[in-house]
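Reading through the structure tokens given below for one structure.
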Amino acid sequence: MGHVSLSRIRETLELLYERYHRPAYRKEDPVEILWQYANPLDQEIAGIWAALFAWGRREVAIRKVQALLAALGDSPAASLRAHCPLVVEWRHRTWSPLDMSILWKRLGEIYRREGSLANFFWKRRTDWEEAIAQFQSEIGAPPLHRHIGNLRRGSASKRLLLWLRWMVRRDSIDPGPWEGFSPRWLYVPIDTHVSNWAVTHQLLSYRIPNWRTVLRLTEVFHKISPEDPLRYDFAIVTAGSRSKMRV
């Protein structure tokens, strides 16, 4: 990675932010699903499905999440508390009906023990990286490793980090239903668009993400925006998805 002017990068990011960090673009993103719920408990359950399904074509992922949530009724959290089974007969990319059923069961176990997914992370907030790793261990039955990630084995864990962004940040894009959590704790969810952008601006030297690159890029964004390192994440992803990576 060559010499990079962070002040110049910040200027570029602010232009992207002004252009794309708007509710009008939110409707094209899976985060929009969370805004359909007013209850924070429903937002965290709907959100984890939306984040874990968020790959491939956005419209397909959104449609599949909506289908899954429809099977859970008006309140996903109430269905989880009531031990309602999740019954689906379709697939989403590498997700099988069995995978979905196993994840639902594991979420229910955590939920009934902790009271909410927010409580799981709140109790472990003093070491956010370890909290993520422990959550992955709790969820990570063998069929789910490929979906939830494993940072202890070097996984970039993009989808889980995306979900945490939605849970913690609070503005016109991210609903931030979790009270008391700081955006400073978050790690960058490195998808294709973020990876391409970072390589283009010499913040990363290669495009294959792993946990080391997550830490490296998060450190850079902390220098650019210390209080909110993921301030620009939505704008970068939206710009990339619209093939406008440069300002």
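Note on naming: chains are A, B, ... as they come in the structure tokens, residues start from 1 per chain, ligands start from 1 in the order shown.
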
Any idea what's packed within 10 Å of Leu98 (chain A), counting only C-alpha atoms, ignoring anything in its chain fewer than 5 positions away? Could you give it as a compact mmCIF listing (two decimals) with C-alpha atoms, in the first residue's frame?
# COMPACT_ATOMS: atom_id res chain seq x y z
CA LEU A 86 -39.70 -21.95 10.79
CA VAL A 87 -41.04 -23.91 7.85
CA VAL A 88 -39.83 -23.00 4.36
CA GLU A 89 -39.49 -25.19 1.30
CA ARG A 91 -33.58 -22.27 -1.09
CA LEU A 103 -30.31 -21.01 12.50
CA TRP A 104 -33.82 -20.32 13.77
CA PRO A 143 -23.99 -26.26 8.15
CA LEU A 144 -23.96 -22.60 9.20

Those of region 84-166 of chain A in DSSP alpha helix (DSSP H), formatted as a ChimeraX atom specification: /A:97-114,117-122,128-139,145-148,158-166

Residue contacts of Asp29 (chain A) (9 Å, only C-alpha atoms) excluding same-chain residues fewer than 5 positions away, as a PyMOL selection string: chain A and resi 54+58-59+62+238

Polymer residues at most 7 Å from Ile173 (chain A), only C-alpha atoms, same-chain spacing of 3 or more positions, as a list in words: Arg22, Pro23 and Arg26 of chain A

Length of the CA of Trp211 (chain A) to CA of Ser157 (chain A) vector [Å]: 7.5 Å

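Separating CA of Arg113 (chain A) from CA of Glu129 (chain A) is a distance of 21.2 Å.
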
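Distance annotation: of A:Leu151, A:Ala46, A:Ala235, A:Val60, the residue with the minimal separation from Ser75 (chain A) is A:Ala46; atom set is only C-alpha atoms.
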